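Data block below; observations after.
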Amino acid sequence: MLSIVAVMLLAMSGLAVALLRTSKASSSLQRQDRENAHARYVAQAGLSTAMFNLQTGHSGALGTEQTPVRWDRSQYYVTQQNVTPEVIRLTATGLDDRAGARQELVVRQLPNTIWRFGAFGLERLHLDSNARVDSYNSDTGTYTVQNVNGTGTNKHANPNGDVGSNGNISLDQNAKVWGDAAPGPSHSATVLGNAFVTGSTSAASSTMVAPTVTVPNYTSLGPLTVSSTTTLPSGNRTYTDLVVGTNKTLNITGPANIVISNLTLQSGAKIKVDATNGIVEFWVIDNFILNSNSEIAPTNYKSKNLRLNLLSDNVINPEMNVVLDTVSFDSNSKFFGTILAPSAAIVVNSNFEMFGSMIARSVDLHSNANFHFDEALMNATGTSLPTFETISWREVPYAH
Amino acid sequence: MRIPRRSSRSGFTLLEVAIVAIIVSVVLAAVGLFELSNRKTLQQFSAVGTAQDHAHKALEKVLTELEGASISTLVPDPTGALGADEIVYQKSTGVNSSGIVVWSTRTRIAMAADDGELLNGADDNGNGMTDERKLSITYNYGTGAARTVTIAHRICTLFPEELANGTDDNGNGVIDEKGFNVQRVGNLLSLRLAISALGGGGKWVTWSETSTLRLRN
């Protein structure tokens, strides 16, 4: 009888041990999974904190391998490496008990200005066949001097002629962008046939918010028609209608702020801006008409010296009964400066040439339109905090 | 006075043993009957658990794979109402010394006919399912070094409650989605997976899972 009981006890003990081992192994696996997941979350928390620090003007490096930052019962540390002056690599390591996880985030610091693109369409951007965008730097010389790369139809200056949009970007056959074409988040860039973009076509990580255009209030001087060469002294003024006659020139001495209801440059007309003592800024409220072969430019051809704010609204809004404004950039005209037109759908006619940067509600570059982004615009210093865009994220194998 | 002595042979009487035996028999019979009556239910539960486990692990693998994928490399870009039942993508492998992203070779996640099965409307491998698929990941897709890993079997032809009729029968926002489906809205990628397992009485049970991840690149 005793022997039977002993055998039974032994068998039961064996079963209990086996059960315990199975349970322990299962528990160990579950614990390992949980710790691995927790380590990933902690690494993510480290990256988020590092990005917050970068965006508030501080270093992204947090803790060290020897003295990690405590995060509840876990720990993390983040290293920062400057790959280039603009590109920063953050590597976060999360530690949870015996588990570790590592994630790498590479971000690019954006120039502290909205003038980062040759052309930017807040809603969309389209380049017809043979439209071209490249870049140059007006601080180092004229476009002609820098237009020495490539040959034939591929001749261009610098490859920083980025275009962008908060929406989609489309390039028709043979359109050329020497730079990036950055559609808005969740939007895409369509590049047809022989068209090309030398840089990235990846979607931007955030949308651009165009600044609000506020029109200053100056005493109105009524209409002005330029029928012979005319020079306006520096100062601020408002005109109802300003027309520069055919082949006539209007000289404006800066600094000056000029508000115009309707601006028309007839064929061959010019507005020349002398920015020796200060820049000239225009606000055009309704119609803006740049007829063929006309030109608006600073005398030194530096685009940072001339700003054009277009309040024109030429887009049909089905909910409103409005008189649409006319916005016209005719063929063979030239513009040196920046154009901000958040309400206008701008159609640039063939052979129009722009030196500087344009931001509009939508932008259509007709065939053979040429945009030359002026890199000097990016050097303007701002006062706001730095902004970054994500260019790469990945999990990195963790090793002690 | 003599007090009667108790017998030195202590133990259960025959009657006691008989009673215990009867009780044990009744209990065992009850358990046996209960077991028999619930065998099918238990098998069903077990099959659901198996399908759930397989679906969960496979979806987790796909989520991990796709988290670092770049939106600009997705082929096809599954933004439409149909989504896609296969996807090719590239992941960042870091940046070079100029700060330019270096992309991985292409990886493909796609369904194919399950082992021994042909997509011909018949049960070719005799497992009771018709035209079931398997889900595989092919690394270095399109190169000579391509390597395929199968991460799930018995993927359903169509997602539960969906018919191949050009409409969204199950109201989940995707039209005619198959047992594996990917759909992108912005930088969010929705993944759907439906897997079957054999339950009691030769009846197949299906488990479906849906998850969403934020694409980082």
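Chain identifiers are assigned as A, B, and so on, following the order in which chains appear in the structure tokens; residues are numbered from 1 within each chain, and ligands are numbered from 1 in order of appearance.
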For a quick test of understanding: name the residues of chain A lying within 12 Å of chain B when counting only C-alpha atoms, and present them as a PyMOL selection string.
chain A and resi 1+37+40+44+81-91+103-109+167+181-190+199-206+389-397
Take the residues from that selection and put them in a file with N, CA and C atoms, as a short mmCIF file (atom, residue, chain, number, x, y, z; two decimals), in the first residue's frame.
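This is the output file selection.cif:
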```cif
data_model
loop_
_atom_site.label_atom_id
_atom_site.label_comp_id
_atom_site.auth_asym_id
_atom_site.auth_seq_id
_atom_site.Cartn_x
_atom_site.Cartn_y
_atom_site.Cartn_z
N MET A 1 0.83 -1.22 0.00
CA MET A 1 0.00 0.00 0.00
C MET A 1 0.86 1.26 0.00
N ALA A 37 9.04 45.24 -26.08
CA ALA A 37 8.07 46.26 -26.51
C ALA A 37 8.26 47.52 -25.69
N ARG A 40 11.20 49.54 -26.79
CA ARG A 40 10.91 50.30 -28.02
C ARG A 40 10.16 51.58 -27.68
N GLN A 44 11.35 55.44 -28.23
CA GLN A 44 10.50 56.42 -28.93
C GLN A 44 10.31 57.67 -28.08
N GLN A 81 24.31 63.40 -33.71
CA GLN A 81 25.45 63.54 -34.61
C GLN A 81 25.04 64.47 -35.75
N ASN A 82 25.84 65.49 -36.00
CA ASN A 82 25.56 66.40 -37.10
C ASN A 82 26.20 65.83 -38.37
N VAL A 83 25.37 65.26 -39.24
CA VAL A 83 25.87 64.63 -40.46
C VAL A 83 26.38 65.70 -41.43
N THR A 84 25.59 66.75 -41.59
CA THR A 84 26.01 67.95 -42.34
C THR A 84 25.55 69.13 -41.48
N PRO A 85 25.87 70.35 -41.87
CA PRO A 85 25.40 71.48 -41.05
C PRO A 85 23.88 71.51 -40.88
N GLU A 86 23.14 70.95 -41.83
CA GLU A 86 21.67 70.98 -41.73
C GLU A 86 21.07 69.66 -41.27
N VAL A 87 21.80 68.56 -41.46
CA VAL A 87 21.22 67.24 -41.20
C VAL A 87 21.72 66.69 -39.86
N ILE A 88 20.77 66.31 -39.02
CA ILE A 88 21.10 65.83 -37.67
C ILE A 88 20.59 64.40 -37.50
N ARG A 89 21.47 63.55 -36.97
CA ARG A 89 21.07 62.17 -36.70
C ARG A 89 20.91 61.98 -35.19
N LEU A 90 19.71 61.56 -34.79
CA LEU A 90 19.45 61.26 -33.38
C LEU A 90 19.31 59.75 -33.24
N THR A 91 20.03 59.18 -32.30
CA THR A 91 19.92 57.74 -32.06
C THR A 91 19.52 57.52 -30.60
N GLN A 103 16.49 53.20 -31.94
CA GLN A 103 15.84 53.80 -33.10
C GLN A 103 16.63 55.02 -33.54
N GLU A 104 16.65 55.22 -34.86
CA GLU A 104 17.42 56.34 -35.42
C GLU A 104 16.49 57.27 -36.20
N LEU A 105 16.60 58.54 -35.91
CA LEU A 105 15.80 59.54 -36.62
C LEU A 105 16.76 60.56 -37.22
N VAL A 106 16.64 60.79 -38.51
CA VAL A 106 17.49 61.80 -39.16
C VAL A 106 16.58 62.94 -39.62
N VAL A 107 16.92 64.14 -39.21
CA VAL A 107 16.09 65.30 -39.55
C VAL A 107 16.95 66.35 -40.24
N ARG A 108 16.28 67.17 -41.03
CA ARG A 108 16.98 68.27 -41.70
C ARG A 108 16.41 69.58 -41.18
N GLN A 109 17.28 70.48 -40.78
CA GLN A 109 16.82 71.79 -40.33
C GLN A 109 16.47 72.63 -41.55
N GLY A 167 -0.24 70.34 -51.86
CA GLY A 167 -1.03 69.33 -52.55
C GLY A 167 -0.15 68.51 -53.48
N ALA A 181 11.19 68.04 -55.71
CA ALA A 181 9.78 68.35 -55.95
C ALA A 181 9.03 67.74 -54.79
N ALA A 182 8.67 68.57 -53.83
CA ALA A 182 8.11 68.07 -52.56
C ALA A 182 6.61 68.31 -52.49
N PRO A 183 5.81 67.27 -52.75
CA PRO A 183 4.37 67.43 -52.60
C PRO A 183 4.01 67.49 -51.11
N GLY A 184 2.77 67.85 -50.84
CA GLY A 184 2.34 67.95 -49.45
C GLY A 184 2.25 66.58 -48.80
N PRO A 185 2.14 66.58 -47.48
CA PRO A 185 1.99 65.30 -46.77
C PRO A 185 0.82 64.51 -47.35
N SER A 186 1.05 63.26 -47.61
CA SER A 186 0.05 62.33 -48.18
C SER A 186 -0.29 62.66 -49.62
N HIS A 187 0.43 63.57 -50.25
CA HIS A 187 0.24 63.85 -51.67
C HIS A 187 1.44 63.32 -52.45
N SER A 188 1.35 63.46 -53.78
CA SER A 188 2.39 62.83 -54.58
C SER A 188 2.86 63.74 -55.70
N ALA A 189 4.01 63.40 -56.24
CA ALA A 189 4.57 64.09 -57.40
C ALA A 189 4.50 63.15 -58.59
N THR A 190 3.91 63.63 -59.68
CA THR A 190 3.81 62.82 -60.89
C THR A 190 4.77 63.39 -61.92
N GLY A 199 16.34 65.90 -57.64
CA GLY A 199 16.37 65.60 -56.21
C GLY A 199 15.27 64.64 -55.81
N SER A 200 14.76 64.84 -54.63
CA SER A 200 13.75 63.93 -54.07
C SER A 200 12.34 64.33 -54.52
N THR A 201 11.47 63.32 -54.62
CA THR A 201 10.05 63.61 -54.84
C THR A 201 9.23 63.15 -53.64
N SER A 202 9.90 62.95 -52.52
CA SER A 202 9.20 62.50 -51.31
C SER A 202 8.27 63.60 -50.79
N ALA A 203 7.19 63.16 -50.20
CA ALA A 203 6.23 64.11 -49.65
C ALA A 203 6.83 64.83 -48.45
N ALA A 204 6.47 66.10 -48.32
CA ALA A 204 6.94 66.87 -47.17
C ALA A 204 6.29 66.33 -45.90
N SER A 205 6.97 66.49 -44.78
CA SER A 205 6.42 65.96 -43.53
C SER A 205 5.41 66.92 -42.91
N SER A 206 5.39 68.14 -43.39
CA SER A 206 4.40 69.09 -42.85
C SER A 206 4.02 70.07 -43.95
N GLU A 389 12.49 68.81 -40.70
CA GLU A 389 11.68 67.82 -41.40
C GLU A 389 12.38 66.46 -41.28
N THR A 390 11.56 65.44 -41.15
CA THR A 390 12.10 64.08 -41.03
C THR A 390 12.56 63.59 -42.39
N ILE A 391 13.77 63.08 -42.47
CA ILE A 391 14.19 62.50 -43.74
C ILE A 391 14.44 61.00 -43.63
N SER A 392 14.57 60.48 -42.42
CA SER A 392 14.75 59.03 -42.29
C SER A 392 14.44 58.58 -40.86
N TRP A 393 13.76 57.46 -40.76
CA TRP A 393 13.54 56.81 -39.47
C TRP A 393 13.77 55.32 -39.66
N ARG A 394 14.40 54.69 -38.70
CA ARG A 394 14.59 53.24 -38.80
C ARG A 394 14.90 52.67 -37.42
N GLU A 395 14.63 51.36 -37.32
CA GLU A 395 15.04 50.61 -36.13
C GLU A 395 16.48 50.18 -36.36
N VAL A 396 17.29 50.30 -35.35
CA VAL A 396 18.69 49.88 -35.45
C VAL A 396 18.88 48.70 -34.50
N PRO A 397 19.54 47.62 -34.95
CA PRO A 397 19.75 46.49 -34.05
C PRO A 397 20.45 46.95 -32.78
#
```
Secondary structure check, helix (DSSP H, G or I) residues of region 23-175 of chain B, as a compact mmCIF listing (two decimals) with N, CA and C atoms, in the first residue's frame:
```txt
# COMPACT_ATOMS: atom_id res chain seq x y z
N ILE B 23 -19.62 6.18 -6.59
CA ILE B 23 -19.59 7.65 -6.70
C ILE B 23 -18.58 8.09 -7.77
N VAL B 24 -17.36 7.47 -7.69
CA VAL B 24 -16.33 7.82 -8.67
C VAL B 24 -16.80 7.50 -10.08
N SER B 25 -17.46 6.35 -10.24
CA SER B 25 -17.95 5.97 -11.57
C SER B 25 -18.96 6.98 -12.09
N VAL B 26 -19.86 7.39 -11.17
CA VAL B 26 -20.89 8.36 -11.59
C VAL B 26 -20.24 9.67 -12.02
N VAL B 27 -19.26 10.14 -11.18
CA VAL B 27 -18.57 11.40 -11.51
C VAL B 27 -17.84 11.29 -12.84
N LEU B 28 -17.10 10.18 -13.00
CA LEU B 28 -16.36 9.99 -14.26
C LEU B 28 -17.30 9.93 -15.46
N ALA B 29 -18.43 9.26 -15.25
CA ALA B 29 -19.39 9.16 -16.34
C ALA B 29 -19.93 10.54 -16.70
N ALA B 30 -20.20 11.35 -15.65
CA ALA B 30 -20.73 12.70 -15.89
C ALA B 30 -19.71 13.54 -16.64
N VAL B 31 -18.43 13.46 -16.16
CA VAL B 31 -17.35 14.21 -16.83
C VAL B 31 -17.21 13.75 -18.26
N GLY B 32 -17.27 12.44 -18.47
CA GLY B 32 -17.13 11.89 -19.81
C GLY B 32 -18.22 12.37 -20.73
N LEU B 33 -19.47 12.34 -20.20
CA LEU B 33 -20.59 12.82 -21.01
C LEU B 33 -20.44 14.30 -21.35
N PHE B 34 -20.02 15.05 -20.29
CA PHE B 34 -19.82 16.49 -20.47
C PHE B 34 -18.74 16.75 -21.53
N GLU B 35 -17.66 15.97 -21.41
CA GLU B 35 -16.54 16.10 -22.35
C GLU B 35 -16.99 15.81 -23.77
N LEU B 36 -17.76 14.72 -23.88
CA LEU B 36 -18.23 14.34 -25.21
C LEU B 36 -19.13 15.42 -25.80
N SER B 37 -20.02 15.93 -24.95
CA SER B 37 -20.97 16.91 -25.47
C SER B 37 -20.30 18.23 -25.84
N ASN B 38 -19.16 18.52 -25.18
CA ASN B 38 -18.50 19.80 -25.46
C ASN B 38 -17.27 19.67 -26.35
N ARG B 39 -17.01 18.47 -26.81
CA ARG B 39 -15.81 18.29 -27.61
C ARG B 39 -15.81 19.20 -28.85
N LYS B 40 -16.97 19.23 -29.50
CA LYS B 40 -17.07 20.05 -30.70
C LYS B 40 -16.85 21.53 -30.36
N THR B 41 -17.48 21.97 -29.25
CA THR B 41 -17.33 23.37 -28.85
C THR B 41 -15.88 23.69 -28.54
N LEU B 42 -15.24 22.77 -27.81
CA LEU B 42 -13.84 22.98 -27.46
C LEU B 42 -12.96 23.05 -28.70
N GLN B 43 -13.27 22.16 -29.66
CA GLN B 43 -12.49 22.18 -30.90
C GLN B 43 -12.67 23.51 -31.64
N GLN B 44 -13.92 24.00 -31.58
CA GLN B 44 -14.19 25.29 -32.22
C GLN B 44 -13.38 26.38 -31.55
N PHE B 45 -13.41 26.38 -30.19
CA PHE B 45 -12.65 27.37 -29.44
C PHE B 45 -11.17 27.28 -29.79
N SER B 46 -10.70 26.06 -29.84
CA SER B 46 -9.29 25.84 -30.14
C SER B 46 -8.95 26.37 -31.52
N ALA B 47 -9.83 26.13 -32.49
CA ALA B 47 -9.59 26.58 -33.87
C ALA B 47 -9.58 28.10 -33.93
N VAL B 48 -10.52 28.71 -33.22
CA VAL B 48 -10.55 30.18 -33.19
C VAL B 48 -9.26 30.71 -32.59
N GLY B 49 -8.83 30.06 -31.49
CA GLY B 49 -7.59 30.48 -30.85
C GLY B 49 -6.39 30.35 -31.79
N THR B 50 -6.36 29.25 -32.53
CA THR B 50 -5.26 29.04 -33.48
C THR B 50 -5.27 30.11 -34.56
N ALA B 51 -6.46 30.35 -35.14
CA ALA B 51 -6.56 31.36 -36.20
C ALA B 51 -6.18 32.73 -35.67
N GLN B 52 -6.67 33.03 -34.46
CA GLN B 52 -6.37 34.33 -33.85
C GLN B 52 -4.88 34.49 -33.63
N ASP B 53 -4.25 33.45 -33.13
CA ASP B 53 -2.82 33.50 -32.86
C ASP B 53 -2.03 33.70 -34.15
N HIS B 54 -2.40 32.93 -35.18
CA HIS B 54 -1.69 33.04 -36.46
C HIS B 54 -1.89 34.43 -37.08
N ALA B 55 -3.13 34.91 -37.04
CA ALA B 55 -3.43 36.23 -37.63
C ALA B 55 -2.68 37.32 -36.89
N HIS B 56 -2.67 37.22 -35.57
CA HIS B 56 -2.03 38.25 -34.75
C HIS B 56 -0.53 38.29 -35.02
N LYS B 57 0.09 37.12 -35.05
CA LYS B 57 1.55 37.08 -35.26
C LYS B 57 1.91 37.57 -36.66
N ALA B 58 1.11 37.15 -37.66
CA ALA B 58 1.40 37.55 -39.04
C ALA B 58 1.24 39.06 -39.20
N LEU B 59 0.16 39.60 -38.61
CA LEU B 59 -0.08 41.04 -38.75
C LEU B 59 0.99 41.84 -38.03
N GLU B 60 1.43 41.34 -36.90
CA GLU B 60 2.48 42.02 -36.16
C GLU B 60 3.78 42.05 -36.97
N LYS B 61 4.05 40.96 -37.66
CA LYS B 61 5.24 40.90 -38.51
C LYS B 61 5.15 41.91 -39.65
N VAL B 62 3.96 41.98 -40.27
CA VAL B 62 3.76 42.92 -41.37
C VAL B 62 3.88 44.36 -40.86
N LEU B 63 3.30 44.63 -39.70
CA LEU B 63 3.38 45.98 -39.12
C LEU B 63 4.83 46.38 -38.88
N THR B 64 5.60 45.48 -38.31
CA THR B 64 7.02 45.77 -38.04
C THR B 64 7.75 46.03 -39.34
N GLU B 65 7.42 45.23 -40.37
CA GLU B 65 8.08 45.39 -41.67
C GLU B 65 7.78 46.76 -42.29
N LEU B 66 6.51 47.15 -42.22
CA LEU B 66 6.08 48.33 -42.97
C LEU B 66 6.30 49.65 -42.23
N GLU B 67 6.57 49.58 -40.94
CA GLU B 67 6.67 50.81 -40.16
C GLU B 67 7.73 51.76 -40.72
N ILE B 71 6.71 56.21 -47.93
CA ILE B 71 5.49 56.39 -48.72
C ILE B 71 5.82 56.49 -50.19
N SER B 72 6.91 57.20 -50.49
CA SER B 72 7.23 57.44 -51.90
C SER B 72 7.69 56.17 -52.63
N THR B 73 7.95 55.08 -51.89
CA THR B 73 8.41 53.86 -52.56
C THR B 73 7.31 52.80 -52.65
```
Contacts of Ile114 (chain A) within 8 Å, only C-alpha atoms, excl. fewer than 3 positions in-chain, as a PyMOL selection string
chain A and resi 111+208+210
Go ahead and write the selection's residues with C-alpha atoms as a PDB file, in the first residue's frame.
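File produced: result.pdb:
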```
ATOM      1  CA  PRO A 111      15.914  77.430 -43.551  1.00  0.00           C
ATOM      2  CA  MET A 208       3.564  75.244 -45.371  1.00  0.00           C
ATOM      3  CA  ALA A 210       1.586  81.067 -45.822  1.00  0.00           C
TER       4      ALA A 210
END
```
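Distances to Gly164 (chain A) were evaluated for A:Gly150, A:Gly193, A:Gly278, A:Gly121 using only C-alpha atoms, and the minimum falls at A:Gly121.
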Would you list the contacts of Gly46 (chain A) as a ChimeraX atom specification, taking every protein, DNA or RNA residue within 12 Å and counting only C-alpha atoms, but skipping same-chain residues closer than 4 positions in sequence?
/A:39-42,50-53,60-64,68-71,74-80,90-95,101-105
Where does DSSP see strand (DSSP E or B) in region 164-337 of chain A, if you list the residues as a VMD selection string?
chain A and resid 164 to 165 168 to 171 176 to 177 181 to 182 189 to 191 196 to 197 220 224 to 226 230 to 232 235 to 244 249 to 253 256 to 265 270 to 274 280 to 284 288 to 290 295 to 298 306 to 310 327 to 329 334 to 337
Out of A:Gly57, A:Pro159, A:Gly100, A:Gly14, which residue has the shortest atom-to-atom distance to Asp33 (chain A) when counting only C-alpha atoms?
A:Gly100
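The shell of residues at most 6 Å from Met358 (chain A), with only C-alpha atoms counted and near chain neighbours (fewer than 3 positions) removed, consists of Ala119, Thr338 and Ile339 of chain A.
Every protein, DNA or RNA residue with an atom at most 6 Å from region 132-136 of chain B, where only C-alpha atoms count and chain neighbours fewer than 2 positions away do not, is listed here: B:Ile109, B:Ala110, B:Met111, B:Ala112, B:Ala113, B:Asp114, B:Thr130, B:Val149, B:Thr150, B:Ile151, B:Ala152, B:His153, B:Arg154, B:Ile155, B:Cys156, B:Thr157.
Across the structure, CA of Tyr136 (chain A) and CA of Phe282 (chain A) are spaced 23.8 Å apart.
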Show which residues sit within 6 Å of Ile285 (chain A), as an MDAnalysis selection string. Count only C-alpha atoms, and ignore same-chain residues fewer than 6 positions away.
chainID A and resid 261 311:312
Once you have the residues from the selection above, write them out as a PDB file, in the first residue's frame, restricted to C-alpha atoms.
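again-v4.pdb, written as the output of this step:
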```pdb
ATOM      1  CA  SER A 261      -5.264  98.650 -56.342  1.00  0.00           C
ATOM      2  CA  LEU A 311      -3.961  89.932 -52.622  1.00  0.00           C
ATOM      3  CA  SER A 312      -5.725  89.188 -55.887  1.00  0.00           C
TER       4      SER A 312
END
```
